[in-house]
Amino acid sequence: MKICCIGAGYVGGPTMAVIALKAPDIQVTVVDMNAARIAAWNSDTLPIYEPGLDDVVKEARGRNLFFSTDVKATIAAADIIFVSVNTPTKTYGVGSGRAADLRYIESVARTIAEVSTTPKIIVEKSTIPVKTAETIQQILAANTSGAKFQVLSNPEFLAEGTAVPDLFNPDRVLIGGERTPEGDAAVETLVSVYARWVPRERIITTNLWSSELSKLVANAFLAQRISSINAISALCEATGADVDEVANAIGKDSRIGPKFLKASVGFGGSCFQKDILNLVYLCESFGLPEVAAYWNQVVSMNDYQKRRFSARILKSLFNTVADKRIAVFGFAFKKDTNDTRESAAINVVRDLLAEHANVVVYDPKVPAAEIMSDVLGKGETNPRLTVATSAYEAALDAHAIAIVTEWDEFKTLDYTKIFADMHKPASLFDGRNIVDLAKLRAIGFRAHGIGR
Ligand code: NAD
Ligand code: UGA
């Protein structure tokens with residue numbers, strides 16, 4: 001069996017590396033039109049940082065895992081084609097700012113139709129609006145020269161930072177297909193790939209539309225929990241309750257559960273906001289404005305939470321940060337990844353720059369150039385924004401520290417030393433609730449958390 005995956009990104013790379021590792025008899029080739037990305041996958045420095053991934057790639061690469069820019073030839077030779085291209089929010093025309101931009105999906109479908117001469121199973125791995133399989137089927141049917149296709153939906157639920165353990169031991173694998181004998185056979189083929197390491201009872205099969213919709217709904221529910229606890233964090237700050245104590249108390253109820261109740265500076269990442277906006281747009285398109293408004297509030301609350309964090313810094317620093325040095329600890333959207341897409345850090349740094357603060361960012365995995373271009377735009381510079389190579393360097397002569405990403409190393413810094421090197425009064429704003437505020441206050445910091 002030969003698998004081709006189109007898209008060597010955060011999903012395509014790790015998922016295919018794990019399939020190749022677990023199924024040595026299957027030849028897996030990941031293709032991308034981005035030659036630099038493919039070169040990096042073929043080098044010792046992979047294009048994405050993900051704990052455990054280097055070992056997986058090292059074992060399988062060159063054996064049955066390959067990375068290539070030869071998109072057409074790889075598609076032509078494959079039995080199963082995973083489509084793992086980006087599906088960003090549209091930035092133009094109808095649905096701008098909300099609908100998913102499906103141009104990459106459509107372009108892939110056209111290429112598949114163009115070069116295929118043998119039967120193929122096309123697997124939607126990208127997150128897409130419900131009914132996208134129908135679009136793909138129509139494009140294939142209108143352009144093929146006779147090859148037979150089955151389109152399946154197999155959304156990915158891995159989280160960045162834990163991609164490898166998530167793929168090794170998924171809560172479930174979801175596969176949607178057409179309820180026809182040919183559809184069922186295609187589903188069974190894909191089930192047999194995952195069944196090499198995932199227990200059968202965790203492989204769920206559904207119809208196509210349930211599978212496509214479940215992915216958007218899973219992300220919406222996860223993000224909703226974060227926005228819910230973040231909303232409560234504002235109330236905690238107003239009342240003297242502690243949001244972590246509240247989260248612990250409600251999370252002990254087995255009907256609520258303890259996960260995804262960590263109040264924060266706001267959720268980031270390439271998917272939560274994009275997928276909820278996509279869901280909102282779908283609801284509106286199907287004439288369901290009340291449902292759309294309900295889910296849209298999850299994103300509005302997140303925007304509020306990000307703004308609230310910067311506003312609190314400003315207020316606590318006597319309503320002016322102009323010319324004050326603020327150290328920002330962390331820039332990635334969560335720990336253990338170098339991904340900065342939609343990171344709350346971008347908003348926080350921009351808000352501080354708008355107030356004429358001198359911002360010094362330190363992140364253990366994000367390169368300086370990435371930080372500059374995320375905040376300012378490609379190639380732009382601003383003398384007020386600099387990047388440090390350690391937390392200590394960033395905090396030197398600072399008036400305040402803002403912890404924005406929950407990297408473990410920020411928990412064990414020598415805050416006594418850091419305090420000694422800062423302007424007084426020295427403030428610390430913990431946007432992740434990872435440091436002990438009482439200990440910091442004992443050192444002399446004016447220390448603030450989220451929701452406490
Ligand atoms: P990404 O931007 O990291 O990777 C997508 C890749 O596809 C890019 O390298 C791009 O060059 C390539 N590509 C686009 N069009 C192409 C074409 N026509 N031919 C060849 N290559 C092409 O994106 P990602 O984070 O891997 O996400 C991919 C999809 O998976 C999205 O729909 C996303 O919503 C979904 N998803 C992402 C995550 C995540 O953790 N990042 C998790 C679950 C699902
Ligand atoms: C999320 C989902 O968890 C995955 O299941 C899904 O596959 C993926 O989106 C996707 O579709 O792209 P990811 O965005 O990688 O994964 O990471 P999460 O762990 O979900 O964190 C997202 C954001 O929420 C981060 O900024 C994180 O810091 C924040 N978060 C998470 C909180 O603020 N509080 C929490 O309790 C949990």
# chains A, B, ... in the order shown; residues from 1 in each chain; ligands from 1
call {"tool": "residues_near_ligand", "arguments": {"ligand": "ligand 2", "cutoff": "7 Å", "atoms": "only C-alpha atoms and all ligand atoms", "output": "MDAnalysis selection string"}}
result
chainID A and resid 156:161 219 222:223 226 259:272 333:334 343
call {"tool": "residues_around", "arguments": {"residues": "range 439-443 of chain A", "least_positions_apart": "5", "cutoff": "10 Å", "atoms": "only C-alpha atoms", "output": "VMD selection string"}}
result
chain A and resid 415 to 417 419 to 420 427 to 428 448
call {"tool": "write_last_selection", "arguments": {"atoms": "C-alpha atoms", "output": "mmCIF file, in the first residue's frame"}}
result
data_model
loop_
_atom_site.group_PDB
_atom_site.id
_atom_site.type_symbol
_atom_site.label_atom_id
_atom_site.label_comp_id
_atom_site.auth_asym_id
_atom_site.auth_seq_id
_atom_site.Cartn_x
_atom_site.Cartn_y
_atom_site.Cartn_z
ATOM 1 C CA TYR A 415 13.155 35.413 40.802
ATOM 2 C CA THR A 416 15.198 36.862 43.669
ATOM 3 C CA LYS A 417 18.040 37.559 41.242
ATOM 4 C CA PHE A 419 13.972 41.187 41.156
ATOM 5 C CA ALA A 420 17.354 42.608 42.167
ATOM 6 C CA SER A 427 5.761 44.067 38.768
ATOM 7 C CA LEU A 428 4.997 40.603 37.454
ATOM 8 C CA HIS A 448 -0.692 39.582 39.678
#
call {"tool": "closest_atom_pairs", "arguments": {"of": "chain A", "to": "ligand 1", "cutoff": "8 Å", "atoms": "only C-alpha atoms and all ligand atoms", "output": "tab-separated table"}}
result
residue	atom	partner	partner_atom_place_in_ligand_line	distance
A:Ile6	CA	ligand 1	20 (C)	5.3
A:Gly7	CA	ligand 1	7 (O)	3.4
A:Ala8	CA	ligand 1	9 (O)	4.9
A:Gly9	CA	ligand 1	4 (O)	3.3
A:Tyr10	CA	ligand 1	26 (O)	3.7
A:Val11	CA	ligand 1	26 (O)	3.8
A:Gly12	CA	ligand 1	26 (O)	5.6
A:Gly13	CA	ligand 1	26 (O)	7.5
A:Val31	CA	ligand 1	20 (C)	6.1
A:Asp32	CA	ligand 1	21 (N)	3.7
A:Met33	CA	ligand 1	20 (C)	4.3
A:Asn34	CA	ligand 1	11 (O)	4.7
A:Arg37	CA	ligand 1	9 (O)	6.6
A:Thr69	CA	ligand 1	20 (C)	7.9
A:Val71	CA	ligand 1	20 (C)	6.5
A:Ser84	CA	ligand 1	28 (C)	4.9
A:Val85	CA	ligand 1	7 (O)	3.6
A:Asn86	CA	ligand 1	28 (C)	4.2
A:Thr87	CA	ligand 1	32 (O)	4.4
A:Pro88	CA	ligand 1	32 (O)	7.1
A:Tyr104	CA	ligand 1	15 (N)	4.7
A:Ile105	CA	ligand 1	18 (N)	7.1
A:Ser107	CA	ligand 1	18 (N)	5.5
A:Val108	CA	ligand 1	18 (N)	4.8
A:Thr111	CA	ligand 1	18 (N)	7.9
A:Lys125	CA	ligand 1	30 (O)	6.2
A:Ser126	CA	ligand 1	32 (O)	3.5
A:Thr127	CA	ligand 1	32 (O)	3.9
A:Ile128	CA	ligand 1	32 (O)	6.3
A:Pro155	CA	ligand 1	44 (C)	6.6
A:Glu156	CA	ligand 1	43 (C)	4.6
A:Phe157	CA	ligand 1	43 (C)	5.1
A:Leu158	CA	ligand 1	42 (C)	5.4
A:Ala159	CA	ligand 1	40 (O)	5.1
A:Glu160	CA	ligand 1	40 (O)	4.9
A:Ala163	CA	ligand 1	40 (O)	7.7
A:Gly269	CA	ligand 1	41 (N)	7.6
A:Ser270	CA	ligand 1	41 (N)	6.2
A:Cys271	CA	ligand 1	34 (O)	5.4
A:Lys274	CA	ligand 1	34 (O)	7.7
A:Asp275	CA	ligand 1	34 (O)	7.2
call {"tool": "atom_distance", "arguments": {"atom1": "CA of Ile203 in chain A", "atom2": "CA of Leu21 in chain A"}}
result
18.9 Å
call {"tool": "atom_distance", "arguments": {"atom1": "CA of Ala292 in chain A", "atom2": "CA of Glu106 in chain A"}}
result
25.8 Å
call {"tool": "closest_residue", "arguments": {"among": "A:Ser211, A:Asn433, A:Thr91, A:Thr29", "to": "Asn154 in chain A", "atoms": "only C-alpha atoms"}}
result
A:Ser211
call {"tool": "residues_around", "arguments": {"residues": "Ser227 in chain A", "least_positions_apart": "6", "cutoff": "7 Å", "atoms": "only C-alpha atoms", "output": "list in words"}}
result
Val298, Met301 and Asn302 of chain A
call {"tool": "select_by_dssp", "arguments": {"residues": "range 287-345 of chain A", "states": "helix (DSSP H, G or I)", "output": "PyMOL selection string"}}
result
chain A and resi 289-316+344-345
call {"tool": "write_last_selection", "arguments": {"atoms": "C-alpha atoms", "output": "CSV table (one decimal), in the first residue's frame"}}
result
chain,number,residue,atom,x,y,z
A,289,PRO,CA,-28.4,33.4,13.4
A,290,GLU,CA,-29.1,32.5,17.1
A,291,VAL,CA,-26.8,29.5,16.9
A,292,ALA,CA,-24.2,31.6,15.2
A,293,ALA,CA,-24.3,34.3,17.8
A,294,TYR,CA,-24.0,31.8,20.6
A,295,TRP,CA,-20.7,30.4,19.3
A,296,ASN,CA,-19.4,33.8,18.2
A,297,GLN,CA,-19.4,34.8,21.8
A,298,VAL,CA,-16.6,32.3,22.5
A,299,VAL,CA,-14.3,34.3,20.3
A,300,SER,CA,-15.5,37.6,21.6
A,301,MET,CA,-14.8,36.5,25.1
A,302,ASN,CA,-11.3,35.5,24.1
A,303,ASP,CA,-10.6,38.9,22.5
A,304,TYR,CA,-11.8,40.5,25.7
A,305,GLN,CA,-9.5,38.4,27.8
A,306,LYS,CA,-6.4,39.3,25.7
A,307,ARG,CA,-7.3,43.0,25.9
A,308,ARG,CA,-8.0,42.7,29.7
A,309,PHE,CA,-4.5,41.4,30.3
A,310,SER,CA,-2.7,44.3,28.6
A,311,ALA,CA,-5.1,46.8,30.2
A,312,ARG,CA,-4.3,45.4,33.6
A,313,ILE,CA,-0.6,45.9,33.0
A,314,LEU,CA,-1.2,49.5,32.0
A,315,LYS,CA,-3.4,50.2,35.0
A,316,SER,CA,-1.0,48.6,37.5
A,344,ALA,CA,-2.1,35.9,22.6
A,345,ALA,CA,1.5,37.2,22.9
call {"tool": "select_by_dssp", "arguments": {"residues": "range 276-339 of chain A", "states": "strand (DSSP E)", "output": "count of residues only"}}
result
5
call {"tool": "atom_distance", "arguments": {"atom1": "CA of Tyr194 in chain A", "atom2": "CA of Ala78 in chain A"}}
result
17.4 Å
call {"tool": "residues_around", "arguments": {"residues": "range 42-45 of chain A", "least_positions_apart": "6", "cutoff": "12 Å", "atoms": "only C-alpha atoms", "output": "ChimeraX atom specification"}}
result
/A:8,13,29-31,35-36,53-55,57-58,60-62,65-69
call {"tool": "closest_residue", "arguments": {"among": "A:Val130, A:Cys236, A:Val280, A:Ala185", "to": "Glu212 in chain A", "atoms": "only C-alpha atoms"}}
result
A:Val130
call {"tool": "closest_residue", "arguments": {"among": "A:Ala109, A:Leu174, A:Leu190, A:Val151", "to": "Lys215 in chain A", "atoms": "only C-alpha atoms"}}
result
A:Leu174
call {"tool": "closest_residue", "arguments": {"among": "A:Val348, A:Ala99, A:Val404, A:Ala395", "to": "Asn278 in chain A", "atoms": "only C-alpha atoms"}}
result
A:Ala99
call {"tool": "closest_residue", "arguments": {"among": "A:Val375, A:Ala141, A:Ala231, A:Ala327", "to": "Asp363 in chain A", "atoms": "only C-alpha atoms"}}
result
A:Ala327
